[in-house]
Amino acid sequence: MNSIQESLKHNLRQYGIMAALVLVVVTFNVLTGGRLLWPNNFASLIAQNAYVLILAIGMVMVIVAGHIDLSVGSLVAFIGGVLGWAMYYWHWPWPVAVLLALALGAAVGAWHGFWIAYIRIPAFIVTLAGMLMFRGLAIVIAGFTMAGFDQGFVNISSGALPNFMGYIGGLDVLTMILGIVGVVILIWMQFRARASQIRHGIEPEPMLLLAGKLVVIAAAVLFVTTLLAMSDGGTPIVLVVVGVLIFVYSFVLNRTIFGRHVYAIGGNLNAAILSGINTARTNFLIFVHMGLLAAVAAIVVTSRANAATSTSGQSYELDAIAACFIGGTAVSGGVGRISGAMVGALIMGVLNMGLSIVGVPAAWQQVVKGLVLLAAVALDLVSKQRAKVA
Amino acid sequence: MTDQPDILQMKGISMEFPGVKALDDVNLSVKRGEIHAICGENGAGKSTLMKILSGVYPHGSYSGDIEYLGEPCAFRTIRDSEERGIVIIHQELALVPYLSIAENIFLGNERARLGVIDWDRAESEAKALLARVGLAEHPRTPIVDIGVGKQQLVEIAKALSKRVELLILDEPTAALNDDDSEHLLSLVRALRDEGVTSIIISHKLGEILSIADSISVLRDGRMIETLDVAGEKVTEERLIRGMVGREMNSRFPTHESHIGEEAFRIENWTVHHPIDAGRVMVDNASLVVHAGEIVGLAGLMGSGRTELAMSIFGRTYGREISGSIYRNGAEVNTHTVGQAVAQGIAYVSEDRKRYGLNLIQSVKENMTVAGLTKVAKRGVIEANAEISVANRLRKELTVKAPTVESQVGKLSGGNQQKVALAKWVFTDPEVLILDEPTRGIDVGAKYEIYTIINGLADQGKAVLVISSELPELIGICDRIYTLSEGRITGDVSRADATQEHLMKLMTKEA
């Protein structure tokens with residue numbers, strides 16, 4: 001029993017943030033008279049917040065390595081503008097235009113990475129410059145709004161997977177199958193990890209706790225799946241995009257040498273250099289990835305608006321940064337997980353939508369979000385100081 | 001002196017850091033107007049005791065009582081102790097390089113009215129203080145433009161500006177040459193004549209004997225004795241006996257080296273200071289280490305020992321570096337850490353917290369970080385292979401950690417040092433440069449580190465140990481180079497190595 005308590009204490013931050021998400025969802029569901037969790041509202045919650053989720057994936061990497069990126073909001077507008085231009089004026093087929101956007105994102109990331117990694121200008125300065133420059137370029141390109149794109153392109157954010165398997169009892173079968181398969185894979189991976197820990201003499205998480213955790217997660221995933229299966233479309237395509245990105249980048253951060261180097265650089269730069277890590281190349285690549293993800297966000301945002309305009313992406317960088325910090329990424333670098341930032345982004349998203357449905361004016365929504373960010377980080381620091389004393 | 005009352009009494013002071021008992025029931029009495037020296041080996045607890053006295057470690061973090069000028073004290077910050085006239089000058093100078101002498105003297109204690117600094121007053125007061133410590137520099141000179149010796153005097157001027165009654169000097173002459181040292185010591189004597197009491201921590205025994213009125217000896221966190229220099233004839237041998245206190249043999253594992261071919265050689269190695277390019281930090285140094293041999297590099301703080309090691313290891317220190325490096329007789333290039341590692345060279349830093357470890361990561365992640373390619377395929381780390389490797393290293397180096405997933409920051413100093421060593425053992429180097437490998441760890445852990453070093457030599461690795469603890473070098477090395485002012489001043493075999501002989505070479509001037 002003792003080890004359950006210890007394990008709980010150890011992962012308090014992780015459970016705390018999950019509990020906070022549940023609390024926010026339940027509160028707003030009550031306040032909105034159940035409207036927050038109407039299937040269609042829920043589906044649009046995901047489409048609406050896809051950009052934060054995508055940007056926060058990259059921002060976790062950036063912040064863990066001890067940097068910051070202020071430019072991603074401007075990048076969304078700039079890349080969206082170029083993307084729109086390619087489809088609107090050049091009449092490129094949308095898949096080619098999307099590839100152009102991704103390449104452009106990586107190129108802009110490389111531009112930032114060059115100044116940060118090789119000339120060693122602090123990322124704050126470089127991306128502040130980028131924020132100004134790319135917002136300016138966005139106005140040059142998309143000062144005149146371009147609207148009305150191919151249905152194929154619009155579907156990225158507004159479409160759903162085709163329900164070719166039909167419905168059973170009003171539920172989209174494909175969505176249900178995807179959800180169930182997801183739960184099975186998750187459980188299988190957890191048990192495999194546990195078996196490996198036991199094999200190597202590492203005390204695993206207590207079985208009771210693991211089982212409890214898995215039951216809760218499975219219930220949550222199946223609940224979400226059911227909601228989506230009841231919505232008009234089924235599984236939104238953008239959810240698949242976000243899911244793949246989360247999976248791929250979690251793997252990169254947790255399992256690859258590159259990912260390990262990101263944590264090493266953020267945890268102790270001097271030690272990383274003296275361990276022979278090529279810190280310049282790692283920093284460079286981090287910003288290339290961030291640029292690429294900003295391009296994905298630009299595609300999703302342009303698709304959802306069905307328009308490219310110079311004012312899009314306003315203050316997106318701050319949303320992404322806030323999601324990371326709410327999700328437990330350390331301000332000083334070295335610590336942070338994509339899963340945490342995703343929960344942080346969802347908390348912000350639910351707050352946004354819930355406050356809107358309740359009818360809180362946009363100005364006050366900002367105030368609430370600011371307070372939530374402050375409270376989350378304050379709780380984190382206070383609990384850490386407590387832990388130190390004890 | 002004996003008729004003077006005590007200005008300070010510390011009674012039953014104990015303090016523990018995770019895994020190490022730094023101080024154990026220490027009593028210290030200092031008489032008003034005397035110069036009281038505290039000596040002991042590295043890690044004996046001298047600096048810890050002084051940090052308690054000056055409020056760096058706040059009241060409550062230690063047990064025991066402090067009585068100053070007849071009143072009990074419970075300092076929570078340095079400011080509290082300074083208000084009572086206790087000022088500490090740390091080993092690492094606390095001056096801001098790009099501010100002027102005057103600005104540094106009054107830093108945190110500005111000559112101001114309603115928050116607005118009165119520069120004229122500050123400058124004239126600074127001038128008076130500088131005259132007292134015998135400095136002719138203009139108060140507006142930036143700190144970077146004066147030498148270390150003069151910087152030390154600025155620190156004392158800063159202390160005087162706070163109406164100091166009890167001045168604590170932690171290794172004040174460690175980085176100074178003889179002239180500057182002599183000047184500093186005569187200044188401390190002059191202050192005594194003005195009624196300032198001083199506590200001085202130093203490794204230089206000759207210096208202590210020449211200046212101190214009484215000497216307290218600490219060993220392994222315990223107060224061994226307090227000697228009255230006026231009352232009895234105290235010699236260096238007498239002091240060393242108190243500091244060491246045990247037979248040398250029992251502190252070091254017995255070891256017979258099997259020395260092979262030349263493994264590592266540097267020739268005419270010269271390194272300049274990274275910012276102040278005119279300063280030569282390492283001057284035309286040449287040395288050789290053979291396979292299976294443990295070679296010491298003895299030098300005082302500021303002698304260029306760490307600068308030498310880091311400039312070899314991927315040029316992580318210095319600029320305008322010249323000279324050659326040979327591995328197994330062939331010249332090699334170690335311009336980056338990656339190249340040095342590829343040449344089979346490893347460097348374990350003297351400062352494990354700043355340069356050695358990522359304290360917020362696990363034992364496993366720290367152990368494998370320098371050789372991740374060994375447990376990865378196409379850039380993807382194989383979790384099982386990594387855990388097995390970490391478990392093997394944990395056993396081999398007897399790291400006491402609950403599991404390899406434990407956070408390194410939570411281990412004791414000795415176990416952290418073993419993790420730092422393990423990180424480089426994992427890269428399977430041929431040449432290991434160990435910079436102060438036993439700094440700040442307790443006696444038992446030291447013995448285990450020595451055993452590990454011996455084991456590495458037995459595997460045929462060439463080991464270069466940098467240390468300022470002479471007994472340690474004499475105890476474990478086959479041969480010892482001495483370094484003074486960036487120059488190699490001696491190459492002493494184990495048979496000829498005595499502390500006196502080495503110390504003479506380490507303080508030899510050009």
# chains A, B, ... in the order shown; residues from 1 in each chain; ligands from 1

$ residues_around --residues "Asn40 of chain A" --least-positions-apart "3" --cutoff "8 Å" --atoms "only C-alpha atoms" --output "NGL selection string"
:A and (43-44 or 228 or 231-232)

$ residues_around --residues "segment 13-18 of chain B" --least-positions-apart "4" --cutoff "9 Å" --atoms "only C-alpha atoms" --output "list in words"
Ala22, Leu23, Asp24, Asp25, Val26, Asn27, Leu28, Thr48, Leu49, Ile52, Ser61, Tyr62, Ser63, Gly64, Asp65, Ile66, Gly221, Lys410, Leu411, Ser412 and Gly413 of chain B

$ residues_around --residues "segment 256-263 of chain B" --least-positions-apart "4" --cutoff "10 Å" --atoms "only C-alpha atoms" --output "PDB file with all heavy atoms, in the first residue's frame"
ATOM      1  N   VAL B 288      53.555  13.064 -20.525  1.00  0.00           N
ATOM      2  CA  VAL B 288      53.348  11.737 -21.105  1.00  0.00           C
ATOM      3  C   VAL B 288      52.625  10.864 -20.091  1.00  0.00           C
ATOM      4  O   VAL B 288      52.918  10.925 -18.904  1.00  0.00           O
ATOM      5  CB  VAL B 288      54.709  11.061 -21.417  1.00  0.00           C
ATOM      6  CG1 VAL B 288      54.490   9.667 -21.974  1.00  0.00           C
ATOM      7  CG2 VAL B 288      55.528  11.902 -22.373  1.00  0.00           C
ATOM      8  N   VAL B 289      51.660  10.059 -20.581  1.00  0.00           N
ATOM      9  CA  VAL B 289      51.032   9.054 -19.730  1.00  0.00           C
ATOM     10  C   VAL B 289      51.082   7.724 -20.471  1.00  0.00           C
ATOM     11  O   VAL B 289      50.766   7.664 -21.660  1.00  0.00           O
ATOM     12  CB  VAL B 289      49.560   9.400 -19.397  1.00  0.00           C
ATOM     13  CG1 VAL B 289      49.019   8.441 -18.352  1.00  0.00           C
ATOM     14  CG2 VAL B 289      49.430  10.833 -18.910  1.00  0.00           C
ATOM     15  N   HIS B 290      51.489   6.662 -19.782  1.00  0.00           N
ATOM     16  CA  HIS B 290      51.574   5.342 -20.403  1.00  0.00           C
ATOM     17  C   HIS B 290      50.327   4.530 -20.103  1.00  0.00           C
ATOM     18  O   HIS B 290      49.620   4.794 -19.128  1.00  0.00           O
ATOM     19  CB  HIS B 290      52.802   4.592 -19.886  1.00  0.00           C
ATOM     20  CG  HIS B 290      54.086   5.296 -20.198  1.00  0.00           C
ATOM     21  ND1 HIS B 290      54.644   6.223 -19.333  1.00  0.00           N
ATOM     22  CD2 HIS B 290      54.896   5.255 -21.275  1.00  0.00           C
ATOM     23  CE1 HIS B 290      55.750   6.705 -19.868  1.00  0.00           C
ATOM     24  NE2 HIS B 290      55.932   6.137 -21.053  1.00  0.00           N
ATOM     25  N   ALA B 291      50.128   3.515 -20.918  1.00  0.00           N
ATOM     26  CA  ALA B 291      49.003   2.606 -20.678  1.00  0.00           C
ATOM     27  C   ALA B 291      49.177   1.961 -19.310  1.00  0.00           C
ATOM     28  O   ALA B 291      50.291   1.569 -18.940  1.00  0.00           O
ATOM     29  CB  ALA B 291      48.954   1.540 -21.764  1.00  0.00           C
ATOM     30  N   GLY B 292      48.105   1.865 -18.554  1.00  0.00           N
ATOM     31  CA  GLY B 292      48.157   1.218 -17.255  1.00  0.00           C
ATOM     32  C   GLY B 292      48.772   2.062 -16.157  1.00  0.00           C
ATOM     33  O   GLY B 292      48.916   1.607 -15.028  1.00  0.00           O
ATOM     34  N   GLU B 293      49.113   3.284 -16.478  1.00  0.00           N
ATOM     35  CA  GLU B 293      49.797   4.129 -15.507  1.00  0.00           C
ATOM     36  C   GLU B 293      48.828   5.159 -14.916  1.00  0.00           C
ATOM     37  O   GLU B 293      47.974   5.678 -15.616  1.00  0.00           O
ATOM     38  CB  GLU B 293      50.945   4.860 -16.207  1.00  0.00           C
ATOM     39  CG  GLU B 293      51.856   5.638 -15.268  1.00  0.00           C
ATOM     40  CD  GLU B 293      52.958   6.378 -16.028  1.00  0.00           C
ATOM     41  OE1 GLU B 293      52.732   6.779 -17.190  1.00  0.00           O
ATOM     42  OE2 GLU B 293      54.040   6.550 -15.479  1.00  0.00           O
ATOM     43  N   ILE B 294      48.980   5.443 -13.622  1.00  0.00           N
ATOM     44  CA  ILE B 294      48.201   6.503 -12.996  1.00  0.00           C
ATOM     45  C   ILE B 294      49.150   7.665 -12.733  1.00  0.00           C
ATOM     46  O   ILE B 294      50.106   7.529 -11.967  1.00  0.00           O
ATOM     47  CB  ILE B 294      47.568   6.039 -11.675  1.00  0.00           C
ATOM     48  CG1 ILE B 294      46.704   4.790 -11.913  1.00  0.00           C
ATOM     49  CG2 ILE B 294      46.731   7.153 -11.065  1.00  0.00           C
ATOM     50  CD1 ILE B 294      46.155   4.171 -10.635  1.00  0.00           C
ATOM     51  N   TYR B 326      49.408  13.549 -28.933  1.00  0.00           N
ATOM     52  CA  TYR B 326      49.708  12.254 -29.551  1.00  0.00           C
ATOM     53  C   TYR B 326      48.972  11.160 -28.816  1.00  0.00           C
ATOM     54  O   TYR B 326      48.897  11.144 -27.586  1.00  0.00           O
ATOM     55  CB  TYR B 326      51.212  11.977 -29.491  1.00  0.00           C
ATOM     56  CG  TYR B 326      52.042  12.992 -30.231  1.00  0.00           C
ATOM     57  CD1 TYR B 326      52.460  14.163 -29.592  1.00  0.00           C
ATOM     58  CD2 TYR B 326      52.395  12.793 -31.563  1.00  0.00           C
ATOM     59  CE1 TYR B 326      53.200  15.110 -30.262  1.00  0.00           C
ATOM     60  CE2 TYR B 326      53.144  13.742 -32.240  1.00  0.00           C
ATOM     61  CZ  TYR B 326      53.545  14.899 -31.590  1.00  0.00           C
ATOM     62  OH  TYR B 326      54.277  15.833 -32.265  1.00  0.00           O
ATOM     63  N   ARG B 327      48.404  10.230 -29.610  1.00  0.00           N
ATOM     64  CA  ARG B 327      47.813   9.020 -29.027  1.00  0.00           C
ATOM     65  C   ARG B 327      48.578   7.844 -29.599  1.00  0.00           C
ATOM     66  O   ARG B 327      48.697   7.709 -30.819  1.00  0.00           O
ATOM     67  CB  ARG B 327      46.337   8.915 -29.418  1.00  0.00           C
ATOM     68  CG  ARG B 327      45.430   9.816 -28.611  1.00  0.00           C
ATOM     69  CD  ARG B 327      44.968   9.179 -27.310  1.00  0.00           C
ATOM     70  NE  ARG B 327      44.103   8.023 -27.534  1.00  0.00           N
ATOM     71  CZ  ARG B 327      44.468   6.770 -27.278  1.00  0.00           C
ATOM     72  NH1 ARG B 327      45.644   6.506 -26.776  1.00  0.00           N
ATOM     73  NH2 ARG B 327      43.639   5.781 -27.523  1.00  0.00           N
ATOM     74  N   ASN B 328      49.121   6.997 -28.728  1.00  0.00           N
ATOM     75  CA  ASN B 328      49.920   5.850 -29.159  1.00  0.00           C
ATOM     76  C   ASN B 328      50.987   6.278 -30.167  1.00  0.00           C
ATOM     77  O   ASN B 328      51.249   5.592 -31.135  1.00  0.00           O
ATOM     78  CB  ASN B 328      49.031   4.772 -29.778  1.00  0.00           C
ATOM     79  CG  ASN B 328      47.984   4.289 -28.781  1.00  0.00           C
ATOM     80  OD1 ASN B 328      48.263   4.224 -27.578  1.00  0.00           O
ATOM     81  ND2 ASN B 328      46.798   3.983 -29.276  1.00  0.00           N
ATOM     82  N   GLY B 329      51.561   7.455 -29.959  1.00  0.00           N
ATOM     83  CA  GLY B 329      52.657   7.923 -30.788  1.00  0.00           C
ATOM     84  C   GLY B 329      52.266   8.679 -32.035  1.00  0.00           C
ATOM     85  O   GLY B 329      53.109   9.271 -32.691  1.00  0.00           O
ATOM     86  N   ALA B 330      50.956   8.686 -32.390  1.00  0.00           N
ATOM     87  CA  ALA B 330      50.549   9.379 -33.607  1.00  0.00           C
ATOM     88  C   ALA B 330      49.831  10.674 -33.239  1.00  0.00           C
ATOM     89  O   ALA B 330      49.025  10.695 -32.301  1.00  0.00           O
ATOM     90  CB  ALA B 330      49.631   8.483 -34.436  1.00  0.00           C
ATOM     91  N   GLU B 430      40.527   5.108 -23.676  1.00  0.00           N
ATOM     92  CA  GLU B 430      41.884   4.626 -23.422  1.00  0.00           C
ATOM     93  C   GLU B 430      42.623   5.586 -22.492  1.00  0.00           C
ATOM     94  O   GLU B 430      43.573   5.207 -21.837  1.00  0.00           O
ATOM     95  CB  GLU B 430      42.650   4.495 -24.749  1.00  0.00           C
ATOM     96  CG  GLU B 430      42.100   3.401 -25.661  1.00  0.00           C
ATOM     97  CD  GLU B 430      42.132   2.038 -24.992  1.00  0.00           C
ATOM     98  OE1 GLU B 430      43.166   1.712 -24.387  1.00  0.00           O
ATOM     99  OE2 GLU B 430      41.114   1.323 -25.039  1.00  0.00           O
ATOM    100  N   VAL B 431      42.203   6.847 -22.513  1.00  0.00           N
ATOM    101  CA  VAL B 431      42.839   7.862 -21.679  1.00  0.00           C
ATOM    102  C   VAL B 431      41.758   8.546 -20.845  1.00  0.00           C
ATOM    103  O   VAL B 431      40.797   9.070 -21.392  1.00  0.00           O
ATOM    104  CB  VAL B 431      43.536   8.935 -22.549  1.00  0.00           C
ATOM    105  CG1 VAL B 431      44.189   9.988 -21.654  1.00  0.00           C
ATOM    106  CG2 VAL B 431      44.557   8.303 -23.473  1.00  0.00           C
ATOM    107  N   ASN B 454      42.083   2.425  -9.743  1.00  0.00           N
ATOM    108  CA  ASN B 454      43.050   1.338  -9.865  1.00  0.00           C
ATOM    109  C   ASN B 454      42.570   0.286 -10.861  1.00  0.00           C
ATOM    110  O   ASN B 454      43.347  -0.217 -11.667  1.00  0.00           O
ATOM    111  CB  ASN B 454      43.281   0.678  -8.504  1.00  0.00           C
ATOM    112  CG  ASN B 454      44.086   1.571  -7.578  1.00  0.00           C
ATOM    113  OD1 ASN B 454      44.788   2.467  -8.049  1.00  0.00           O
ATOM    114  ND2 ASN B 454      43.963   1.350  -6.288  1.00  0.00           N
ATOM    115  N   GLY B 455      41.260  -0.029 -10.775  1.00  0.00           N
ATOM    116  CA  GLY B 455      40.695  -1.024 -11.687  1.00  0.00           C
ATOM    117  C   GLY B 455      40.822  -0.584 -13.139  1.00  0.00           C
ATOM    118  O   GLY B 455      41.137  -1.398 -14.016  1.00  0.00           O
ATOM    119  N   ALA B 457      43.118   1.391 -14.388  1.00  0.00           N
ATOM    120  CA  ALA B 457      44.528   1.268 -14.784  1.00  0.00           C
ATOM    121  C   ALA B 457      44.866  -0.189 -15.067  1.00  0.00           C
ATOM    122  O   ALA B 457      45.592  -0.499 -16.018  1.00  0.00           O
ATOM    123  CB  ALA B 457      45.424   1.830 -13.689  1.00  0.00           C
ATOM    124  N   ASP B 458      44.319  -1.089 -14.258  1.00  0.00           N
ATOM    125  CA  ASP B 458      44.590  -2.514 -14.467  1.00  0.00           C
ATOM    126  C   ASP B 458      44.052  -2.997 -15.809  1.00  0.00           C
ATOM    127  O   ASP B 458      44.548  -3.966 -16.376  1.00  0.00           O
ATOM    128  CB  ASP B 458      43.968  -3.346 -13.334  1.00  0.00           C
ATOM    129  CG  ASP B 458      44.719  -3.151 -12.027  1.00  0.00           C
ATOM    130  OD1 ASP B 458      45.872  -2.665 -12.094  1.00  0.00           O
ATOM    131  OD2 ASP B 458      44.148  -3.440 -10.965  1.00  0.00           O
ATOM    132  N   GLN B 459      43.005  -2.317 -16.317  1.00  0.00           N
ATOM    133  CA  GLN B 459      42.494  -2.679 -17.641  1.00  0.00           C
ATOM    134  C   GLN B 459      43.372  -2.104 -18.749  1.00  0.00           C
ATOM    135  O   GLN B 459      43.042  -2.205 -19.930  1.00  0.00           O
ATOM    136  CB  GLN B 459      41.078  -2.136 -17.826  1.00  0.00           C
ATOM    137  CG  GLN B 459      40.027  -2.823 -16.976  1.00  0.00           C
ATOM    138  CD  GLN B 459      38.715  -2.037 -16.997  1.00  0.00           C
ATOM    139  OE1 GLN B 459      38.385  -1.371 -17.980  1.00  0.00           O
ATOM    140  NE2 GLN B 459      37.970  -2.111 -15.907  1.00  0.00           N
ATOM    141  N   GLY B 460      44.456  -1.424 -18.383  1.00  0.00           N
ATOM    142  CA  GLY B 460      45.384  -0.907 -19.379  1.00  0.00           C
ATOM    143  C   GLY B 460      45.091   0.520 -19.802  1.00  0.00           C
ATOM    144  O   GLY B 460      45.643   1.012 -20.781  1.00  0.00           O
ATOM    145  N   LYS B 461      44.205   1.183 -19.086  1.00  0.00           N
ATOM    146  CA  LYS B 461      43.890   2.561 -19.449  1.00  0.00           C
ATOM    147  C   LYS B 461      44.928   3.515 -18.857  1.00  0.00           C
ATOM    148  O   LYS B 461      45.498   3.242 -17.802  1.00  0.00           O
ATOM    149  CB  LYS B 461      42.497   2.940 -18.950  1.00  0.00           C
ATOM    150  CG  LYS B 461      41.418   2.042 -19.538  1.00  0.00           C
ATOM    151  CD  LYS B 461      40.045   2.490 -19.155  1.00  0.00           C
ATOM    152  CE  LYS B 461      38.982   1.464 -19.516  1.00  0.00           C
ATOM    153  NZ  LYS B 461      39.022   0.985 -20.898  1.00  0.00           N
ATOM    154  N   ALA B 462      45.186   4.602 -19.557  1.00  0.00           N
ATOM    155  CA  ALA B 462      46.089   5.625 -19.052  1.00  0.00           C
ATOM    156  C   ALA B 462      45.253   6.618 -18.260  1.00  0.00           C
ATOM    157  O   ALA B 462      44.260   7.126 -18.765  1.00  0.00           O
ATOM    158  CB  ALA B 462      46.778   6.332 -20.211  1.00  0.00           C
ATOM    159  N   VAL B 463      45.635   6.861 -16.995  1.00  0.00           N
ATOM    160  CA  VAL B 463      44.816   7.719 -16.136  1.00  0.00           C
ATOM    161  C   VAL B 463      45.631   8.933 -15.690  1.00  0.00           C
ATOM    162  O   VAL B 463      46.757   8.794 -15.208  1.00  0.00           O
ATOM    163  CB  VAL B 463      44.316   6.951 -14.893  1.00  0.00           C
ATOM    164  CG1 VAL B 463      43.359   7.821 -14.092  1.00  0.00           C
ATOM    165  CG2 VAL B 463      43.647   5.648 -15.292  1.00  0.00           C
ATOM    166  N   ILE B 476      47.999   7.458  -4.599  1.00  0.00           N
ATOM    167  CA  ILE B 476      47.493   6.616  -5.692  1.00  0.00           C
ATOM    168  C   ILE B 476      48.321   6.676  -6.975  1.00  0.00           C
ATOM    169  O   ILE B 476      48.153   5.821  -7.841  1.00  0.00           O
ATOM    170  CB  ILE B 476      46.024   6.946  -6.053  1.00  0.00           C
ATOM    171  CG1 ILE B 476      45.891   8.371  -6.566  1.00  0.00           C
ATOM    172  CG2 ILE B 476      45.109   6.702  -4.881  1.00  0.00           C
ATOM    173  CD1 ILE B 476      44.508   8.664  -7.135  1.00  0.00           C
ATOM    174  N   CYS B 477      49.223   7.647  -7.131  1.00  0.00           N
ATOM    175  CA  CYS B 477      49.865   7.829  -8.436  1.00  0.00           C
ATOM    176  C   CYS B 477      51.209   7.121  -8.536  1.00  0.00           C
ATOM    177  O   CYS B 477      51.929   6.954  -7.552  1.00  0.00           O
ATOM    178  CB  CYS B 477      50.074   9.310  -8.719  1.00  0.00           C
ATOM    179  SG  CYS B 477      48.530  10.190  -8.904  1.00  0.00           S
ATOM    180  N   ASP B 478      51.546   6.744  -9.785  1.00  0.00           N
ATOM    181  CA  ASP B 478      52.858   6.181 -10.057  1.00  0.00           C
ATOM    182  C   ASP B 478      53.882   7.291 -10.263  1.00  0.00           C
ATOM    183  O   ASP B 478      55.070   7.112 -10.050  1.00  0.00           O
ATOM    184  CB  ASP B 478      52.808   5.316 -11.324  1.00  0.00           C
ATOM    185  CG  ASP B 478      51.823   4.176 -11.158  1.00  0.00           C
ATOM    186  OD1 ASP B 478      51.912   3.469 -10.142  1.00  0.00           O
ATOM    187  OD2 ASP B 478      50.944   4.022 -12.024  1.00  0.00           O
TER     188      ASP B 478
END

$ interface_residues --of "chain A" --to "chain B" --cutoff "7 Å" --atoms "only C-alpha atoms" --output "NGL selection string"
:A and (200 or 202 or 255-257 or 264 or 267-268 or 270-271 or 274-276)

$ write_last_selection --atoms "C-alpha atoms" --output "PDB file, in the first residue's frame"
ATOM      1  CA  HIS A 200      15.477  -5.352 -15.433  1.00  0.00           C
ATOM      2  CA  ILE A 202      13.153  -1.951 -11.705  1.00  0.00           C
ATOM      3  CA  ARG A 255      13.023   7.106 -27.729  1.00  0.00           C
ATOM      4  CA  THR A 256      15.546   8.658 -30.088  1.00  0.00           C
ATOM      5  CA  ILE A 257      19.054   9.990 -29.512  1.00  0.00           C
ATOM      6  CA  ALA A 264      20.275  16.899 -21.940  1.00  0.00           C
ATOM      7  CA  GLY A 267      18.877  20.105 -18.187  1.00  0.00           C
ATOM      8  CA  ASN A 268      22.535  21.147 -18.151  1.00  0.00           C
ATOM      9  CA  ASN A 270      27.579  22.635 -19.990  1.00  0.00           C
ATOM     10  CA  ALA A 271      27.373  18.960 -19.155  1.00  0.00           C
ATOM     11  CA  LEU A 274      31.261  18.157 -22.268  1.00  0.00           C
ATOM     12  CA  SER A 275      29.475  14.892 -23.080  1.00  0.00           C
ATOM     13  CA  GLY A 276      30.247  15.394 -26.735  1.00  0.00           C
TER      14      GLY A 276
END

$ select_by_dssp --residues "segment 100-205 of chain A" --states "strand (DSSP E or B)" --output "MDAnalysis selection string"
chainID A and resid 146:147 160 167:168 171:172

$ write_last_selection --atoms "N, CA, C and O atoms" --output "compact mmCIF listing (two decimals), in the first residue's frame"
# COMPACT_ATOMS: atom_id res chain seq x y z
N MET A 146 -7.61 35.97 -49.33
CA MET A 146 -7.93 35.02 -50.39
C MET A 146 -8.86 33.98 -49.80
O MET A 146 -8.52 33.34 -48.79
N ALA A 147 -10.02 33.80 -50.38
CA ALA A 147 -10.98 32.87 -49.80
C ALA A 147 -11.59 31.97 -50.86
O ALA A 147 -11.61 32.31 -52.04
N ALA A 160 -14.57 14.72 -42.16
CA ALA A 160 -14.43 13.58 -41.27
C ALA A 160 -14.05 12.36 -42.10
O ALA A 160 -14.21 12.37 -43.33
N TYR A 167 -23.57 2.70 -39.77
CA TYR A 167 -23.91 3.03 -38.39
C TYR A 167 -24.52 1.85 -37.68
O TYR A 167 -25.21 1.04 -38.27
N ILE A 168 -24.27 1.75 -36.40
CA ILE A 168 -25.00 0.80 -35.58
C ILE A 168 -25.56 1.58 -34.41
O ILE A 168 -24.81 2.20 -33.65
N LEU A 171 -24.33 5.07 -34.01
CA LEU A 171 -22.90 5.27 -33.80
C LEU A 171 -22.13 4.93 -35.07
O LEU A 171 -22.38 3.89 -35.69
N ASP A 172 -21.19 5.83 -35.43
CA ASP A 172 -20.34 5.58 -36.60
C ASP A 172 -19.40 4.41 -36.27
O ASP A 172 -18.59 4.49 -35.35

$ residues_around --residues "segment 232-241 of chain B" --least-positions-apart "4" --cutoff "12 Å" --atoms "only C-alpha atoms" --output "count of residues only"
34

$ residues_around --residues "Ile177 of chain A" --least-positions-apart "3" --cutoff "12 Å" --atoms "only C-alpha atoms" --output "ChimeraX atom specification"
/A:163,165-168,171-174,180-184,221-222,225-226,228-229,234-235

$ residues_around --residues "segment 251-255 of chain B" --least-positions-apart "6" --cutoff "9 Å" --atoms "only C-alpha atoms" --output "PyMOL selection string"
chain B and resi 443-444+446-448+450-451+454+472+475-476
